[in-house]
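What follows is the content of my_file.txt (compact mmCIF, C-alpha atoms).
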```txt
# COMPACT_ATOMS: atom_id res chain seq x y z
CA MET A 1 15.86 8.30 5.29
CA ASP A 2 18.05 10.74 3.41
CA PHE A 3 16.51 11.66 0.06
CA SER A 4 18.39 13.20 -2.83
CA SER A 5 15.24 15.01 -3.98
CA LYS A 6 12.74 17.14 -2.04
CA LEU A 7 10.01 16.23 -4.54
CA LEU A 8 10.65 12.55 -3.90
CA GLU A 9 10.77 13.05 -0.13
CA ASN A 10 7.50 14.96 -0.21
CA ALA A 11 5.74 12.28 -2.29
CA VAL A 12 7.05 9.50 -0.03
CA ASN A 13 5.90 11.37 3.08
CA GLU A 14 2.40 11.85 1.67
CA VAL A 15 2.05 8.21 0.56
CA SER A 16 3.36 6.92 3.90
CA ARG A 17 0.54 8.74 5.70
CA LEU A 18 -1.83 6.09 4.36
CA PRO A 19 -2.62 3.39 6.92
CA GLY A 20 -0.34 0.35 6.85
CA ILE A 21 2.15 1.95 4.46
CA GLY A 22 5.60 2.69 5.85
CA LYS A 23 8.35 4.81 4.35
CA ARG A 24 10.01 1.90 2.54
CA THR A 25 6.78 0.73 0.93
CA ALA A 26 5.93 4.33 0.02
CA LEU A 27 9.31 4.72 -1.67
CA ARG A 28 8.76 1.49 -3.62
CA LEU A 29 5.32 2.68 -4.79
CA VAL A 30 6.58 6.13 -5.77
CA LEU A 31 9.58 4.73 -7.68
CA HIS A 32 7.15 2.42 -9.48
CA LEU A 33 5.11 5.44 -10.60
CA LEU A 34 8.30 7.12 -11.84
CA LYS A 35 9.05 4.12 -14.05
CA GLN A 36 5.53 4.09 -15.51
CA PRO A 37 4.21 6.57 -18.10
CA ALA A 38 3.28 9.96 -16.59
CA SER A 39 -0.36 9.34 -17.56
CA ASN A 40 -0.63 6.63 -14.89
CA THR A 41 0.20 9.14 -12.16
CA THR A 42 -2.24 11.63 -13.67
CA PHE A 43 -5.04 9.03 -13.74
CA LEU A 44 -4.32 8.02 -10.13
CA SER A 45 -4.23 11.59 -8.83
CA GLU A 46 -7.34 12.64 -10.73
CA ALA A 47 -9.29 9.58 -9.61
CA LEU A 48 -8.48 10.33 -5.96
CA LEU A 49 -9.32 14.03 -6.30
CA HIS A 50 -12.57 13.37 -8.18
CA LEU A 51 -13.63 10.85 -5.56
CA ARG A 52 -12.78 13.09 -2.61
CA ASN A 53 -14.41 16.20 -4.06
CA ASP A 54 -17.40 14.82 -5.95
CA VAL A 55 -18.58 11.72 -4.13
CA LYS A 56 -21.91 11.93 -2.32
CA THR A 57 -23.51 9.91 0.43
CA CYS A 58 -27.00 8.55 -0.12
CA GLN A 59 -29.50 10.75 1.73
CA LYS A 60 -31.40 7.71 2.91
CA CYS A 61 -28.85 5.03 3.86
CA HIS A 62 -25.68 7.21 4.02
CA ASN A 63 -23.75 4.79 1.83
CA ILE A 64 -21.19 6.15 -0.64
CA SER A 65 -22.98 6.97 -3.89
CA ASP A 66 -22.65 9.07 -7.04
CA THR A 67 -26.27 10.20 -6.74
CA ASN A 68 -28.38 11.66 -3.92
CA LEU A 69 -30.26 8.37 -3.60
CA CYS A 70 -28.18 5.21 -4.05
CA ASP A 71 -29.08 2.32 -6.38
CA ILE A 72 -30.15 0.12 -3.48
CA CYS A 73 -32.44 2.72 -1.85
CA SER A 74 -34.00 3.66 -5.19
CA ASN A 75 -34.65 0.03 -6.15
CA THR A 76 -38.43 -0.43 -5.79
CA LYS A 77 -38.12 -4.22 -5.78
CA ARG A 78 -36.39 -4.17 -2.37
CA LYS A 79 -38.28 -4.15 0.92
CA PRO A 80 -37.87 -0.75 2.62
CA GLU A 81 -39.33 -2.02 5.91
CA ILE A 82 -36.33 -4.28 6.63
CA VAL A 83 -33.15 -2.35 7.39
CA CYS A 84 -29.72 -3.83 7.96
CA VAL A 85 -27.45 -1.65 10.14
CA VAL A 86 -23.79 -1.85 9.05
CA GLU A 87 -20.58 -0.01 9.76
CA ASP A 88 -19.43 1.03 6.27
CA ILE A 89 -19.64 0.40 2.54
CA ARG A 90 -17.45 -2.70 2.74
CA ASP A 91 -20.11 -4.45 4.81
CA VAL A 92 -22.78 -3.45 2.29
CA MET A 93 -20.65 -4.89 -0.52
CA ALA A 94 -20.04 -8.10 1.44
CA ILE A 95 -23.73 -8.66 2.19
CA GLU A 96 -24.79 -7.70 -1.35
CA SER A 97 -22.39 -10.29 -2.77
CA THR A 98 -24.35 -13.04 -0.94
CA SER A 99 -27.64 -12.11 -2.74
CA GLN A 100 -29.43 -13.21 0.45
CA PHE A 101 -30.73 -9.82 1.60
CA ASN A 102 -33.54 -7.96 -0.08
CA GLY A 103 -34.06 -5.04 2.31
CA LEU A 104 -32.29 -1.71 2.62
CA TYR A 105 -29.19 -0.69 4.55
CA HIS A 106 -28.31 1.97 7.06
CA VAL A 107 -24.61 2.83 7.08
CA LEU A 108 -23.48 4.18 10.47
CA GLY A 109 -20.07 5.33 9.23
CA GLY A 110 -18.18 3.68 12.08
CA LYS A 111 -18.57 2.20 15.54
CA ILE A 112 -18.72 3.86 18.95
CA SER A 113 -15.09 3.91 20.11
CA PRO A 114 -14.13 6.17 23.03
CA ILE A 115 -10.44 5.41 22.42
CA GLU A 116 -10.62 6.83 18.89
CA GLY A 117 -12.88 9.64 20.08
CA ILE A 118 -15.92 8.38 18.15
CA GLY A 119 -19.16 8.90 20.06
CA PRO A 120 -22.80 8.27 19.04
CA GLN A 121 -23.05 11.87 17.79
CA ASN A 122 -20.34 11.15 15.16
CA LEU A 123 -22.35 8.30 13.67
CA GLU A 124 -25.59 8.18 11.68
CA ILE A 125 -27.63 7.01 14.68
CA ASP A 126 -30.03 9.96 14.97
CA SER A 127 -31.02 9.58 11.33
CA LEU A 128 -31.79 5.89 11.97
CA ILE A 129 -34.01 6.79 14.95
CA ALA A 130 -35.73 9.44 12.80
CA LYS A 131 -36.52 6.81 10.15
CA ILE A 132 -37.95 4.51 12.82
CA GLU A 133 -40.03 7.34 14.31
CA LYS A 134 -41.60 7.91 10.90
CA GLY A 135 -42.83 4.30 11.06
CA GLU A 136 -41.04 3.29 7.85
CA ILE A 137 -39.20 0.37 9.43
CA LYS A 138 -40.55 -2.94 10.74
CA GLU A 139 -37.33 -4.88 11.30
CA ILE A 140 -33.78 -3.88 12.15
CA ILE A 141 -30.93 -6.36 11.55
CA PHE A 142 -27.69 -5.55 13.38
CA ALA A 143 -24.70 -6.58 11.27
CA LEU A 144 -21.78 -4.89 13.04
CA SER A 145 -18.62 -6.82 13.75
CA SER A 146 -18.68 -8.66 17.08
CA THR A 147 -15.94 -6.65 18.74
CA MET A 148 -16.18 -4.58 21.90
CA GLU A 149 -16.94 -1.50 19.78
CA GLY A 150 -19.47 -3.33 17.62
CA ASP A 151 -21.32 -4.76 20.63
CA THR A 152 -21.33 -1.35 22.37
CA THR A 153 -22.81 0.28 19.26
CA ASN A 154 -25.43 -2.46 18.88
CA PHE A 155 -26.44 -2.09 22.52
CA TYR A 156 -26.56 1.72 22.36
CA ILE A 157 -28.86 1.64 19.33
CA PHE A 158 -30.95 -1.16 20.80
CA LYS A 159 -31.58 0.90 23.95
CA GLN A 160 -32.70 3.84 21.80
CA ILE A 161 -35.16 1.84 19.69
CA GLU A 162 -36.47 -0.51 22.40
CA LYS A 163 -39.57 1.65 22.92
CA PHE A 164 -40.65 1.31 19.29
CA ASN A 165 -42.68 -1.69 18.19
CA ILE A 166 -40.19 -3.19 15.74
CA THR A 167 -38.44 -6.54 15.41
CA THR A 168 -34.70 -6.52 16.06
CA SER A 169 -32.27 -9.27 15.16
CA THR A 170 -28.55 -9.78 14.80
CA ILE A 171 -26.72 -11.85 12.20
CA ALA A 172 -25.94 -15.42 13.32
CA ARG A 173 -22.49 -16.14 14.72
CA GLY A 174 -21.23 -19.67 14.33
CA ILE A 175 -18.78 -21.99 12.67
CA SER A 176 -17.97 -21.02 9.08
CA VAL A 177 -19.43 -23.31 6.41
CA GLY A 178 -16.76 -25.90 5.59
CA ASP A 179 -14.73 -25.34 8.77
CA GLU A 180 -13.57 -28.16 11.07
CA LEU A 181 -15.04 -27.98 14.59
CA GLU A 182 -11.73 -28.77 16.26
CA TYR A 183 -10.12 -25.58 14.91
CA ALA A 184 -12.97 -23.25 15.90
CA ASP A 185 -12.49 -20.93 18.88
CA GLU A 186 -14.50 -21.81 22.00
CA VAL A 187 -16.60 -18.65 22.07
CA THR A 188 -17.84 -19.14 18.52
CA LEU A 189 -18.43 -22.88 19.00
CA GLY A 190 -20.22 -22.19 22.29
CA ARG A 191 -22.49 -19.62 20.67
CA SER A 192 -23.24 -21.93 17.75
CA ILE A 193 -24.49 -24.58 20.21
CA VAL A 194 -26.54 -22.15 22.32
CA ASN A 195 -28.08 -20.60 19.18
CA ARG A 196 -28.64 -23.90 17.36
CA ILE A 197 -31.36 -23.91 14.70
CA PRO A 198 -33.94 -26.56 13.75
CA PHE A 199 -32.39 -29.12 11.36
CA GLU A 200 -35.20 -28.69 8.84
CA GLN A 201 -34.39 -24.99 8.63
CA SER A 202 -30.67 -25.64 8.09
CA ILE A 203 -31.16 -27.90 5.07
CA LYS A 204 -33.37 -25.32 3.39
CA SER A 205 -30.82 -22.48 3.44
CA MET B 1 -16.41 -6.36 -6.34
CA ASP B 2 -19.65 -4.52 -6.85
CA PHE B 3 -19.29 -0.83 -6.08
CA SER B 4 -22.16 1.53 -5.36
CA SER B 5 -20.20 4.44 -6.85
CA LYS B 6 -18.31 4.75 -10.15
CA LEU B 7 -16.02 7.36 -8.61
CA LEU B 8 -15.11 4.94 -5.84
CA GLU B 9 -14.63 2.08 -8.29
CA ASN B 10 -12.38 4.20 -10.46
CA ALA B 11 -10.24 5.32 -7.51
CA VAL B 12 -9.92 1.74 -6.22
CA ASN B 13 -8.94 0.50 -9.68
CA GLU B 14 -6.21 3.14 -10.03
CA VAL B 15 -4.80 2.52 -6.54
CA SER B 16 -4.82 -1.25 -7.03
CA ARG B 17 -2.55 -0.84 -10.08
CA LEU B 18 0.29 -0.08 -7.70
CA PRO B 19 2.54 -3.09 -7.07
CA GLY B 20 1.57 -5.26 -4.09
CA ILE B 21 -1.78 -3.52 -3.57
CA GLY B 22 -4.88 -5.58 -4.22
CA LYS B 23 -8.48 -4.42 -4.56
CA ARG B 24 -9.27 -4.87 -0.86
CA THR B 25 -6.23 -2.91 0.30
CA ALA B 26 -6.99 -0.23 -2.29
CA LEU B 27 -10.55 0.07 -0.98
CA ARG B 28 -9.24 0.38 2.59
CA LEU B 29 -6.82 3.15 1.55
CA VAL B 30 -9.42 5.04 -0.46
CA LEU B 31 -12.02 4.86 2.35
CA HIS B 32 -9.34 6.17 4.71
CA LEU B 33 -8.84 9.19 2.45
CA LEU B 34 -12.60 9.79 2.43
CA LYS B 35 -12.62 9.96 6.23
CA GLN B 36 -9.72 12.42 6.32
CA PRO B 37 -9.98 16.13 5.45
CA ALA B 38 -10.08 16.78 1.69
CA SER B 39 -6.76 18.63 1.96
CA ASN B 40 -4.95 15.34 2.64
CA THR B 41 -6.07 13.94 -0.71
CA THR B 42 -5.08 17.21 -2.41
CA PHE B 43 -1.60 17.11 -0.85
CA LEU B 44 -1.14 13.47 -1.84
CA SER B 45 -2.27 13.99 -5.43
CA GLU B 46 -0.23 17.14 -5.88
CA ALA B 47 2.91 15.56 -4.40
CA LEU B 48 2.63 12.65 -6.84
CA LEU B 49 1.96 14.91 -9.84
CA HIS B 50 4.77 17.31 -8.94
CA LEU B 51 7.20 14.45 -8.54
CA ARG B 52 6.20 12.74 -11.79
CA ASN B 53 6.25 15.93 -13.87
CA ASP B 54 9.06 17.96 -12.32
CA VAL B 55 11.64 15.50 -11.05
CA LYS B 56 14.97 15.36 -12.88
CA THR B 57 17.72 12.81 -13.09
CA CYS B 58 21.28 13.93 -12.38
CA GLN B 59 23.11 14.36 -15.71
CA LYS B 60 26.21 12.73 -14.26
CA CYS B 61 25.08 9.79 -12.09
CA HIS B 62 21.44 9.48 -13.30
CA ASN B 63 20.14 9.45 -9.74
CA ILE B 64 16.80 11.12 -8.98
CA SER B 65 17.44 14.78 -8.22
CA ASP B 66 15.71 18.17 -8.14
CA THR B 67 18.64 19.78 -9.96
CA ASN B 68 20.60 18.93 -13.11
CA LEU B 69 23.58 17.87 -11.01
CA CYS B 70 22.77 16.03 -7.76
CA ASP B 71 24.16 16.95 -4.34
CA ILE B 72 26.55 14.00 -4.35
CA CYS B 73 28.00 14.70 -7.82
CA SER B 74 28.35 18.43 -7.09
CA ASN B 75 30.10 17.79 -3.74
CA THR B 76 33.75 18.69 -4.36
CA LYS B 77 34.88 16.82 -1.22
CA ARG B 78 34.02 13.45 -2.76
CA LYS B 79 36.41 11.51 -4.97
CA PRO B 80 35.11 11.53 -8.57
CA GLU B 81 37.61 8.83 -9.66
CA ILE B 82 35.86 6.10 -7.61
CA VAL B 83 32.42 5.18 -8.93
CA CYS B 84 29.98 2.76 -7.34
CA VAL B 85 27.58 1.16 -9.83
CA VAL B 86 24.11 0.60 -8.34
CA GLU B 87 20.66 -0.33 -9.54
CA ASP B 88 18.53 2.55 -8.25
CA ILE B 89 18.17 5.36 -5.73
CA ARG B 90 17.36 2.97 -2.88
CA ASP B 91 20.85 1.49 -3.14
CA VAL B 92 22.39 4.97 -3.12
CA MET B 93 20.39 5.80 0.03
CA ALA B 94 21.43 2.53 1.68
CA ILE B 95 25.14 3.03 0.96
CA GLU B 96 25.01 6.73 1.90
CA SER B 97 23.50 5.82 5.27
CA THR B 98 26.66 3.81 6.10
CA SER B 99 28.91 6.91 5.65
CA GLN B 100 31.61 4.48 4.44
CA PHE B 101 31.79 5.58 0.80
CA ASN B 102 33.29 8.84 -0.36
CA GLY B 103 33.19 8.41 -4.14
CA LEU B 104 30.43 9.02 -6.66
CA TYR B 105 27.63 6.77 -7.91
CA HIS B 106 26.39 5.61 -11.26
CA VAL B 107 22.72 4.62 -11.21
CA LEU B 108 21.89 2.08 -13.93
CA GLY B 109 18.13 2.33 -13.49
CA GLY B 110 17.63 -1.43 -13.31
CA LYS B 111 19.25 -4.75 -14.11
CA ILE B 112 19.48 -6.72 -17.35
CA SER B 113 16.41 -8.97 -17.28
CA PRO B 114 15.32 -10.67 -20.52
CA ILE B 115 12.12 -11.89 -18.80
CA GLU B 116 11.02 -8.32 -18.06
CA GLY B 117 12.28 -7.16 -21.46
CA ILE B 118 15.09 -5.04 -20.01
CA GLY B 119 18.24 -5.17 -22.13
CA PRO B 120 21.55 -3.28 -21.80
CA GLN B 121 20.19 -0.54 -24.09
CA ASN B 122 17.45 0.26 -21.52
CA LEU B 123 20.02 0.92 -18.78
CA GLU B 124 22.57 3.69 -18.26
CA ILE B 125 25.47 1.48 -19.37
CA ASP B 126 26.62 3.47 -22.43
CA SER B 127 26.90 6.62 -20.32
CA LEU B 128 29.09 4.72 -17.84
CA ILE B 129 31.39 3.54 -20.67
CA ALA B 130 31.52 7.13 -21.99
CA LYS B 131 32.66 8.37 -18.56
CA ILE B 132 35.37 5.69 -18.46
CA GLU B 133 36.50 6.54 -21.99
CA LYS B 134 36.99 10.14 -20.90
CA GLY B 135 39.48 8.83 -18.32
CA GLU B 136 37.55 10.30 -15.36
CA ILE B 137 37.31 7.01 -13.47
CA LYS B 138 40.04 4.95 -11.82
CA GLU B 139 37.95 2.42 -9.90
CA ILE B 140 34.54 0.86 -10.43
CA ILE B 141 32.76 -0.83 -7.51
CA PHE B 142 29.92 -3.15 -8.51
CA ALA B 143 27.14 -3.02 -5.89
CA LEU B 144 24.25 -4.76 -7.65
CA SER B 145 22.24 -7.39 -5.81
CA SER B 146 23.67 -10.90 -6.17
CA THR B 147 20.79 -12.35 -8.15
CA MET B 148 20.90 -13.89 -11.61
CA GLU B 149 20.02 -10.48 -13.10
CA GLY B 150 22.54 -8.63 -10.96
CA ASP B 151 25.36 -11.02 -11.82
CA THR B 152 24.48 -10.87 -15.53
CA THR B 153 24.55 -7.07 -15.46
CA ASN B 154 27.85 -7.04 -13.55
CA PHE B 155 29.40 -9.44 -16.08
CA TYR B 156 28.07 -7.53 -19.10
CA ILE B 157 29.54 -4.26 -17.83
CA PHE B 158 32.79 -5.97 -16.79
CA LYS B 159 33.25 -7.33 -20.33
CA GLN B 160 32.74 -3.85 -21.77
CA ILE B 161 35.25 -2.14 -19.49
CA GLU B 162 37.88 -4.92 -19.34
CA LYS B 163 39.98 -3.20 -22.00
CA PHE B 164 40.34 0.00 -19.98
CA ASN B 165 43.06 0.29 -17.36
CA ILE B 166 40.83 0.64 -14.28
CA THR B 167 40.42 -1.26 -11.01
CA THR B 168 37.17 -3.16 -10.63
CA SER B 169 35.79 -4.58 -7.40
CA THR B 170 32.53 -5.90 -6.04
CA ILE B 171 31.10 -5.41 -2.55
CA ALA B 172 31.96 -8.24 -0.14
CA ARG B 173 29.41 -11.01 0.37
CA GLY B 174 29.49 -12.77 3.70
CA ILE B 175 27.80 -13.41 6.99
CA SER B 176 25.95 -10.34 8.35
CA VAL B 177 27.57 -8.72 11.36
CA GLY B 178 25.97 -10.25 14.46
CA ASP B 179 24.57 -13.31 12.65
CA GLU B 180 25.05 -16.88 13.92
CA LEU B 181 27.04 -19.11 11.53
CA GLU B 182 24.63 -22.05 11.92
CA TYR B 183 21.74 -20.08 10.41
CA ALA B 184 23.68 -18.74 7.40
CA ASP B 185 22.96 -20.26 3.99
CA GLU B 186 25.73 -22.46 2.56
CA VAL B 187 26.49 -20.27 -0.47
CA THR B 188 27.07 -17.17 1.65
CA LEU B 189 29.08 -19.07 4.26
CA GLY B 190 31.12 -20.74 1.52
CA ARG B 191 31.90 -17.40 -0.12
CA SER B 192 32.83 -15.85 3.21
CA ILE B 193 35.44 -18.59 3.72
CA VAL B 194 36.85 -18.41 0.17
CA ASN B 195 37.02 -14.59 0.34
CA ARG B 196 38.38 -14.45 3.89
CA ILE B 197 40.32 -11.32 4.84
CA PRO B 198 43.44 -10.84 6.97
CA PHE B 199 42.52 -10.67 10.67
CA GLU B 200 44.41 -7.39 11.17
CA GLN B 201 42.25 -5.82 8.45
CA SER B 202 39.00 -7.04 10.02
CA ILE B 203 39.69 -5.47 13.42
CA LYS B 204 40.39 -2.11 11.82
CA SER B 205 37.05 -1.77 10.02
```

Here is the file; what I need is its structure written in the form of structure tokens.
Amino acid sequence: MDFSSKLLENAVNEVSRLPGIGKRTALRLVLHLLKQPASNTTFLSEALLHLRNDVKTCQKCHNISDTNLCDICSNTKRKPEIVCVVEDIRDVMAIESTSQFNGLYHVLGGKISPIEGIGPQNLEIDSLIAKIEKGEIKEIIFALSSTMEGDTTNFYIFKQIEKFNITTSTIARGISVGDELEYADEVTLGRSIVNRIPFEQSIKS
Amino acid sequence: MDFSSKLLENAVNEVSRLPGIGKRTALRLVLHLLKQPASNTTFLSEALLHLRNDVKTCQKCHNISDTNLCDICSNTKRKPEIVCVVEDIRDVMAIESTSQFNGLYHVLGGKISPIEGIGPQNLEIDSLIAKIEKGEIKEIIFALSSTMEGDTTNFYIFKQIEKFNITTSTIARGISVGDELEYADEVTLGRSIVNRIPFEQSIKS
């Protein structure tokens, strides 16, 4: 691309560094900002800078938070002995939106992925083990995505905490509520048959 | 969405104001920035602010430029008497990349669109008429997109400049080079037959 303005080229280059945004999309976004009042660009830039410079992570669960202890961890009505292990804040938000979980979270900050150069030492695994060693936790629920990386991470953590006397579980995999069986993939359908649950239990939930 | 951090929520809200970016995409982009070094966010914010506050438009063609007169308008090797009327900088970049045009541009800054509240007075039409009145221009090439808005804008400008003794033309519409006839839409194919060109001319270009 041949830009008539260095300022424009620079802005497009910076925006196109974001994941999934190519040069053409970046140009469209930047031209949109130029057509809007200057205050919009100021608000956007300041919001990003404030977030990057001032945001904290909760000392207990390592979720993104404005305070040293996040709202979930500081909520005394929740059960601190049940901990759900998730990858990042999006998973916390997804589970919270179901209103079905009343324990605390532990945000790993990613999954073990040798290809991306992410090893156990880059994730919040040691801090999870430390919590377990203190005897604070009775049950760990693994809620990582069921990919190669997710399964590897689950297994790595499981091996580390096997020696402790705590319950471990993983979220159920199965056919989505409302989905037709014929369109489900075989692995998921197979797992949902192997891990079938008592009918009485299913009509309660 | 229920955010655990006001700073995060604010950043996501600002990013999701950009066209074509929803809350989920905005969250993905913002979390990406949080994983990158803080300098990346600084560079991005500064590039956007610099662009919005310091960018100029060329006094002659109204294209985005770092200087008062853009590189194209100040290039003495180009023919100032042929002016191509386009919507915005993306069209200038597209035509420039063909290396087939040696005149100057006139950037309207949009198209007449009553639905979006854009009338002729919001576009750089008066400045185009002023240039023509000065007798600087011998030929006008309309290169707006062939939509309802584009055609309306073309026609509006054409009516205004009819009285002057200048050549007007519009870029050729037809089947893309390399395209199969059977997949072309009827309107384009029809126009390409009505506006057929001498065979000798086609093998020269």

Spatial neighbours of Asn13 in chain B, 10 Å, all atoms listed in the file, chain gap at least 5 places, as a short mmCIF file (atom, residue, chain, number, x, y, z; two decimals) with C-alpha atoms, keeping the file's coordinate frame:
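The resulting result-v7.cif:
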```
data_model
loop_
_atom_site.label_atom_id
_atom_site.label_comp_id
_atom_site.auth_asym_id
_atom_site.auth_seq_id
_atom_site.Cartn_x
_atom_site.Cartn_y
_atom_site.Cartn_z
CA LEU A 44 -4.32 8.02 -10.13
CA ALA A 47 -9.29 9.58 -9.61
CA LEU B 7 -16.02 7.36 -8.61
CA LEU B 8 -15.11 4.94 -5.84
CA LEU B 18 0.29 -0.08 -7.70
CA GLY B 22 -4.88 -5.58 -4.22
CA LYS B 23 -8.48 -4.42 -4.56
CA ALA B 26 -6.99 -0.23 -2.29
CA LEU B 27 -10.55 0.07 -0.98
#
```

Residues of chain A within 7 Å of chain B, all atoms listed in the file counted, as an MDAnalysis selection string:
chainID A and resid 2 4:8 10:11 14:15 18:19 29 34 38 41:42 44:45 47:52 55 64:66 93

Selected residues written out with C-alpha atoms, as a PDB file, in the coordinates of the input:
```
ATOM      1  CA  ASP A   2      18.050  10.740   3.410  1.00  0.00           C
ATOM      2  CA  SER A   4      18.390  13.200  -2.830  1.00  0.00           C
ATOM      3  CA  SER A   5      15.240  15.010  -3.980  1.00  0.00           C
ATOM      4  CA  LYS A   6      12.740  17.140  -2.040  1.00  0.00           C
ATOM      5  CA  LEU A   7      10.010  16.230  -4.540  1.00  0.00           C
ATOM      6  CA  LEU A   8      10.650  12.550  -3.900  1.00  0.00           C
ATOM      7  CA  ASN A  10       7.500  14.960  -0.210  1.00  0.00           C
ATOM      8  CA  ALA A  11       5.740  12.280  -2.290  1.00  0.00           C
ATOM      9  CA  GLU A  14       2.400  11.850   1.670  1.00  0.00           C
ATOM     10  CA  VAL A  15       2.050   8.210   0.560  1.00  0.00           C
ATOM     11  CA  LEU A  18      -1.830   6.090   4.360  1.00  0.00           C
ATOM     12  CA  PRO A  19      -2.620   3.390   6.920  1.00  0.00           C
ATOM     13  CA  LEU A  29       5.320   2.680  -4.790  1.00  0.00           C
ATOM     14  CA  LEU A  34       8.300   7.120 -11.840  1.00  0.00           C
ATOM     15  CA  ALA A  38       3.280   9.960 -16.590  1.00  0.00           C
ATOM     16  CA  THR A  41       0.200   9.140 -12.160  1.00  0.00           C
ATOM     17  CA  THR A  42      -2.240  11.630 -13.670  1.00  0.00           C
ATOM     18  CA  LEU A  44      -4.320   8.020 -10.130  1.00  0.00           C
ATOM     19  CA  SER A  45      -4.230  11.590  -8.830  1.00  0.00           C
ATOM     20  CA  ALA A  47      -9.290   9.580  -9.610  1.00  0.00           C
ATOM     21  CA  LEU A  48      -8.480  10.330  -5.960  1.00  0.00           C
ATOM     22  CA  LEU A  49      -9.320  14.030  -6.300  1.00  0.00           C
ATOM     23  CA  HIS A  50     -12.570  13.370  -8.180  1.00  0.00           C
ATOM     24  CA  LEU A  51     -13.630  10.850  -5.560  1.00  0.00           C
ATOM     25  CA  ARG A  52     -12.780  13.090  -2.610  1.00  0.00           C
ATOM     26  CA  VAL A  55     -18.580  11.720  -4.130  1.00  0.00           C
ATOM     27  CA  ILE A  64     -21.190   6.150  -0.640  1.00  0.00           C
ATOM     28  CA  SER A  65     -22.980   6.970  -3.890  1.00  0.00           C
ATOM     29  CA  ASP A  66     -22.650   9.070  -7.040  1.00  0.00           C
ATOM     30  CA  MET A  93     -20.650  -4.890  -0.520  1.00  0.00           C
TER      31      MET A  93
END
```

Could you please give me, as a JSON list (two decimals) with C-alpha atoms, keeping the file's coordinate frame, the residues of protein, DNA or RNA lying at most 8 Å from (-39.4, -0.8, 7.9) in the coordinate frame of the file, considering all atoms listed in the file?
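File produced: selection_20.json:
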```
[["chain", "number", "residue", "atom", "x", "y", "z"],
["A", 79, "LYS", "CA", -38.28, -4.15, 0.92],
["A", 80, "PRO", "CA", -37.87, -0.75, 2.62],
["A", 81, "GLU", "CA", -39.33, -2.02, 5.91],
["A", 82, "ILE", "CA", -36.33, -4.28, 6.63],
["A", 83, "VAL", "CA", -33.15, -2.35, 7.39],
["A", 132, "ILE", "CA", -37.95, 4.51, 12.82],
["A", 135, "GLY", "CA", -42.83, 4.30, 11.06],
["A", 136, "GLU", "CA", -41.04, 3.29, 7.85],
["A", 137, "ILE", "CA", -39.20, 0.37, 9.43],
["A", 138, "LYS", "CA", -40.55, -2.94, 10.74],
["A", 139, "GLU", "CA", -37.33, -4.88, 11.30],
["A", 140, "ILE", "CA", -33.78, -3.88, 12.15]]
```

Item to complete: Could you please determine the separation between CA of Val194 in chain A and CA of Ser176 in chain A in Å, to one decimal place?
Response: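 For CA of Val194 in chain A relative to CA of Ser176 in chain A, the distance reads 15.8 Å.
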
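The shortest atom-to-atom distance to Ala143 in chain A, with only C-alpha atoms taken into account, belongs to A:Tyr105 out of A:Gly117, A:Tyr105, A:Ser99, A:Leu181.
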
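Atom to atom, CA of Val177 in chain A and CA of Lys204 in chain A stand 14.4 Å apart.
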